[in-house]
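Worksheet for the structure shown next.
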Amino acid sequence: MAAKIVRRSLDTNTIPFQVLLGIFAGLILGAALNWFSPIYILGGLVLVFLLYAILKRPEVALLGILVATSSIVYEDQLPRISFGISLHISDILLLTLFGIVFIRWLVEPNFQIVRTPIDLPLLIFFGVTILSTTIALYQSTVDVETVRRSFRIFSYYLTFFIVTQLVKERRQLDLLIQGIYFLAFIVAGAIVLQFLLGSTVQLLPGRVETLATGNTMYADITRVLPPGWSVVLVSFLVLLCNMIVDRHISFTWVRYGFLGLFGVAMIFTFLRSYWAALCMIFVVMAYLFKGQERTRFIGFGFVTVLIAAAFIAIVSYDPDSRTAKLLDASADRFGSLFASGAFQGDDNSINWRLIENGYAVAAINANPWIGLGLGFTYRPWDSRIDQVDLTGTNYDFRKHIHNGHFWILLQSGLLGYLSLIWLSVIFVGRGLFYWRQVQDLKLRSIVLGFILTYGVVFVAAVANSSFTQWRWTPLLGIMMGINEVVIRSSREAVNV
């Protein structure tokens with residue numbers, strides 16, 4: 001009887017307890033206002049609210065990481081907390097999520113660590129890179145500050161484990177996917193608006209510049225590359241797959257509008273390597289789709305070509321219009337990949353990459369197994385691509401290479417690169433094997449869209465350092481994690 005009385009008195013749902021809790025909270029808040037600035041109090045309250053939200057819905061923190069790394073916010077604009085080392089808000093979110101995993105593993109009897117086939121290659125990839133970096137630091141061949149910055153970016157691959165351990169319910173998946181869509185909508189809209197405003201009015205951070213292809217400048221054409229174009233590409237392919245796979249999809253015309261927005265935004269990035277990779281993936285999609293799906297895909301492509309042809313015909317009546325110049329610039333930009341002189345030095349961008357690749361091959365041959373570590377310097381100063389301008393600003397690119405595959409070989413060596421290939425084969429292979437077994441058509445299109453996106457990134461990495469970019473590493477980890485969650489839940493549903 002006494003125990004029941006005690007438990008009843010401690011029941012948080014009773015009015016007396018809630019009144020006492022309110023009085024206690026008010027006293028603490030009043031005392032805190034006497035001791036600290038109201039700004040600190042407000043910040044503390046916001047922090048408590050965010051922590052509660054993350055504990056209840058960890059996927060909110062994952063979206064927060066994407067907002068910080070893959071949106072219209074640039075790295076230099078992020079708030080930092082410094083206590084010996086500097087941490088971005090996204091770093092704190094990642095560490096908090098790992099803390100939640102650890103605490104739940106300690107205190108919750110029913111909490112089990114989920115294991116997947118991707119765990120081992122990802123951990124080996126991560127471990128080899130840390131080993132090579134540790135050796136480089138011991139030998140003083142890399143500087144600590146560059147290593148810290150590079151490690152921050154590289155560590156976001158670990159978002160994979162956050163998804164597999166903490167995102168286990170359908171409502172969590174839905175919020176995460178819808179959040180990615182919404183973020184893509186904001187970024188795509190901002191890209192289009194920035195293009196319309198031109199390069200003289202910089203609405204977005206990052207690269208907002210007048211387009212140049214080879215030796216040609218397009219004065220009225222603005223190239224826009226905010227960090228979040230990565231989520232735009234992902235959302236474009238996932239939405240396209242969804243519209244092909246699910247013929248009963250609702251709000252079709254609205255989805256066509258979103259798809260068009262994402263596609264136009266990708267055009268305004270003028271990333272010709274990604275354009276070429278997308279064309280290759282469209283061929284793969286035509287092979288993967290069967291029956292009515294293939295018919296819808298071909299029909300969709302046919303309608304798109306007709307609309308584009310009509311649009312070009314209308315625009316051609318005024319060749320001096322900005323729209324006509326956009327079409328010419330886009331055609332020239334894409335066609336430059338196949339120009340006869342592109343790889344003989346006529347294209348400055350491609351020539352830059354060829355110079356880098358030549359140095360990279362020599363450095364890889366000299367350090368084949370575990371590479372040079374994070375923050376490497378792989379070549380000497382070369383005045384063809386490294387410069388000091390008239391103001392004394394130093395443009396030193398000796399730590400950078402555009403080829404993402406060579407970057408991993410330089411950074412992590414052959415062991416690290418082979419583990420990345422192993423990881424890639426498992427991720428793509430499992431997606432291709434299981435995507436048709438996923439009964440929910442929305443989730444099926446997500447699994448397919450993610451592996452197709454990874455295919456685009458893998459191909460385009462020949463000319464882009466995608467595997468080590470701030471905008472891609474957390475997104476790749478989340479994509480891999482979501483696919484594993486969907487595949488696991490689908491297999492469990494079949495086995496029930």
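Chain labels A, B, ... are given in the sequence in which chains occur in the structure tokens; within each chain residues are numbered consecutively from 1, and ligands are likewise numbered from 1 in the order shown.
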Against region 408-426 of chain A, which residues of region 121-200 of chain A fall within 9 Å? For each one I want the closest pair of atoms and the distance in Å (one decimal), counting only C-alpha atoms, rows by chain and increasing residue number, as a tab-separated table.
residue	atom	partner	partner_atom	distance
A:Pro121	CA	A:Leu423	CA	5.2
A:Leu122	CA	A:Leu423	CA	6.2
A:Leu123	CA	A:Ser419	CA	8.9
A:Ile124	CA	A:Ser419	CA	6.4
A:Phe125	CA	A:Gly416	CA	5.0
A:Phe126	CA	A:Gly416	CA	7.9
A:Gly127	CA	A:Gly416	CA	8.4
A:Val128	CA	A:Gly416	CA	5.7
A:Thr129	CA	A:Ser412	CA	4.8
A:Ile130	CA	A:Ser412	CA	8.4
A:Leu131	CA	A:Ser412	CA	8.7
A:Ser132	CA	A:Ser412	CA	6.4
A:Thr133	CA	A:Gln411	CA	8.1
Exercise. So which residues touch region 255-261 of chain A within 9 Å, counting only C-alpha atoms, skipping near sequence neighbours fewer than 4 positions away, as a VMD selection string?
Worked result: chain A and resid 185 188 to 189 192 235 to 237 239 to 240 243 250 to 251 265 to 266
Resulting file, chosen residues, C-alpha atoms, as a PDB file, in the first residue's frame:
ATOM      1  CA  PHE A 185      12.934  22.503 -53.290  1.00  0.00           C
ATOM      2  CA  ALA A 188      16.478  24.565 -56.488  1.00  0.00           C
ATOM      3  CA  GLY A 189      14.261  27.620 -56.120  1.00  0.00           C
ATOM      4  CA  VAL A 192      16.741  29.548 -60.335  1.00  0.00           C
ATOM      5  CA  SER A 235      15.640  14.430 -55.345  1.00  0.00           C
ATOM      6  CA  PHE A 236      15.494  14.700 -59.146  1.00  0.00           C
ATOM      7  CA  LEU A 237      16.391  11.036 -59.653  1.00  0.00           C
ATOM      8  CA  LEU A 239      11.220  11.687 -57.938  1.00  0.00           C
ATOM      9  CA  LEU A 240      11.760  10.526 -61.531  1.00  0.00           C
ATOM     10  CA  MET A 243       6.844   8.749 -61.234  1.00  0.00           C
ATOM     11  CA  SER A 250      -1.334  11.384 -57.006  1.00  0.00           C
ATOM     12  CA  PHE A 251      -0.807  15.072 -57.846  1.00  0.00           C
ATOM     13  CA  ALA A 265      18.346  23.930 -61.364  1.00  0.00           C
ATOM     14  CA  MET A 266      20.792  21.212 -62.410  1.00  0.00           C
TER      15      MET A 266
END
Exercise. CA of Ser71 (chain A) to CA of Phe406 (chain A): how many Å, to one decimal?
Worked result: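 Distance reported for this atom pair: 26.6 Å.
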Exercise. Hey, what does DSSP flag as strand (DSSP E or B) within region 95-319 of chain A? Can you give it to me as a PyMOL selection string?
Worked result: chain A and resi 207-213+216-225
Restricted to N, CA and C atoms, what would the selected residues look like written as a CSV table (one decimal), in the first residue's frame?
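selection26.csv written:
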chain,number,residue,atom,x,y,z
A,207,ARG,N,29.8,29.5,-55.2
A,207,ARG,CA,30.2,29.9,-56.6
A,207,ARG,C,29.0,30.5,-57.4
A,208,VAL,N,29.0,31.8,-57.5
A,208,VAL,CA,28.0,32.4,-58.4
A,208,VAL,C,28.8,33.3,-59.3
A,209,GLU,N,29.0,32.8,-60.6
A,209,GLU,CA,30.0,33.4,-61.5
A,209,GLU,C,29.4,33.4,-62.9
A,210,THR,N,30.1,34.2,-63.7
A,210,THR,CA,29.8,34.2,-65.1
A,210,THR,C,30.3,33.0,-65.8
A,211,LEU,N,29.5,32.3,-66.6
A,211,LEU,CA,29.9,31.1,-67.2
A,211,LEU,C,31.0,31.2,-68.2
A,212,ALA,N,32.0,30.4,-68.1
A,212,ALA,CA,33.1,30.3,-69.0
A,212,ALA,C,33.3,28.9,-69.4
A,213,THR,N,33.4,28.7,-70.8
A,213,THR,CA,33.7,27.3,-71.3
A,213,THR,C,34.8,27.5,-72.3
A,216,THR,N,35.7,30.9,-74.0
A,216,THR,CA,34.5,31.7,-74.3
A,216,THR,C,33.8,32.1,-73.0
A,217,MET,N,33.5,33.4,-72.8
A,217,MET,CA,32.8,33.9,-71.7
A,217,MET,C,31.4,34.2,-72.1
A,218,TYR,N,30.4,33.8,-71.3
A,218,TYR,CA,29.0,34.1,-71.6
A,218,TYR,C,28.5,35.2,-70.6
A,219,ALA,N,28.5,36.4,-71.0
A,219,ALA,CA,28.3,37.5,-70.1
A,219,ALA,C,27.0,37.5,-69.4
A,220,ASP,N,25.9,37.1,-70.1
A,220,ASP,CA,24.6,37.1,-69.5
A,220,ASP,C,24.2,35.8,-68.8
A,221,ILE,N,25.1,34.8,-68.8
A,221,ILE,CA,24.7,33.5,-68.2
A,221,ILE,C,25.5,33.3,-66.9
A,222,THR,N,24.7,33.1,-65.9
A,222,THR,CA,25.3,32.9,-64.5
A,222,THR,C,25.3,31.4,-64.1
A,223,ARG,N,26.5,31.0,-63.7
A,223,ARG,CA,26.6,29.6,-63.2
A,223,ARG,C,26.5,29.7,-61.7
A,224,VAL,N,25.6,28.8,-61.1
A,224,VAL,CA,25.2,28.9,-59.7
A,224,VAL,C,25.5,27.5,-59.1
A,225,LEU,N,26.4,27.5,-58.1
A,225,LEU,CA,26.8,26.2,-57.4
A,225,LEU,C,26.8,26.4,-55.9
Exercise. Closest to Asp382 (chain A) among A:Phe450, A:Phe161, A:Phe270, A:Tyr359, using only C-alpha atoms?
Worked result: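 Checking each candidate against Asp382 (chain A), we get A:Tyr359 as the closest.
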For this session: Give me, please, the distance in Å between CA of Arg296 (chain A) and CA of Ile244 (chain A), quoted to one decimal.
Result: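 About the pair CA of Arg296 (chain A) and CA of Ile244 (chain A): they are 6.1 Å apart.
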For this session: Could you tell me which of A:Lys56, A:Lys399, A:Arg379, A:Arg353 comes closest to Asn464 (chain A) if we count only C-alpha atoms?
Result: A:Arg353
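Taking CA of Asp119 (chain A) as the reference point, CA of Val456 (chain A) is found at 22.6 Å.
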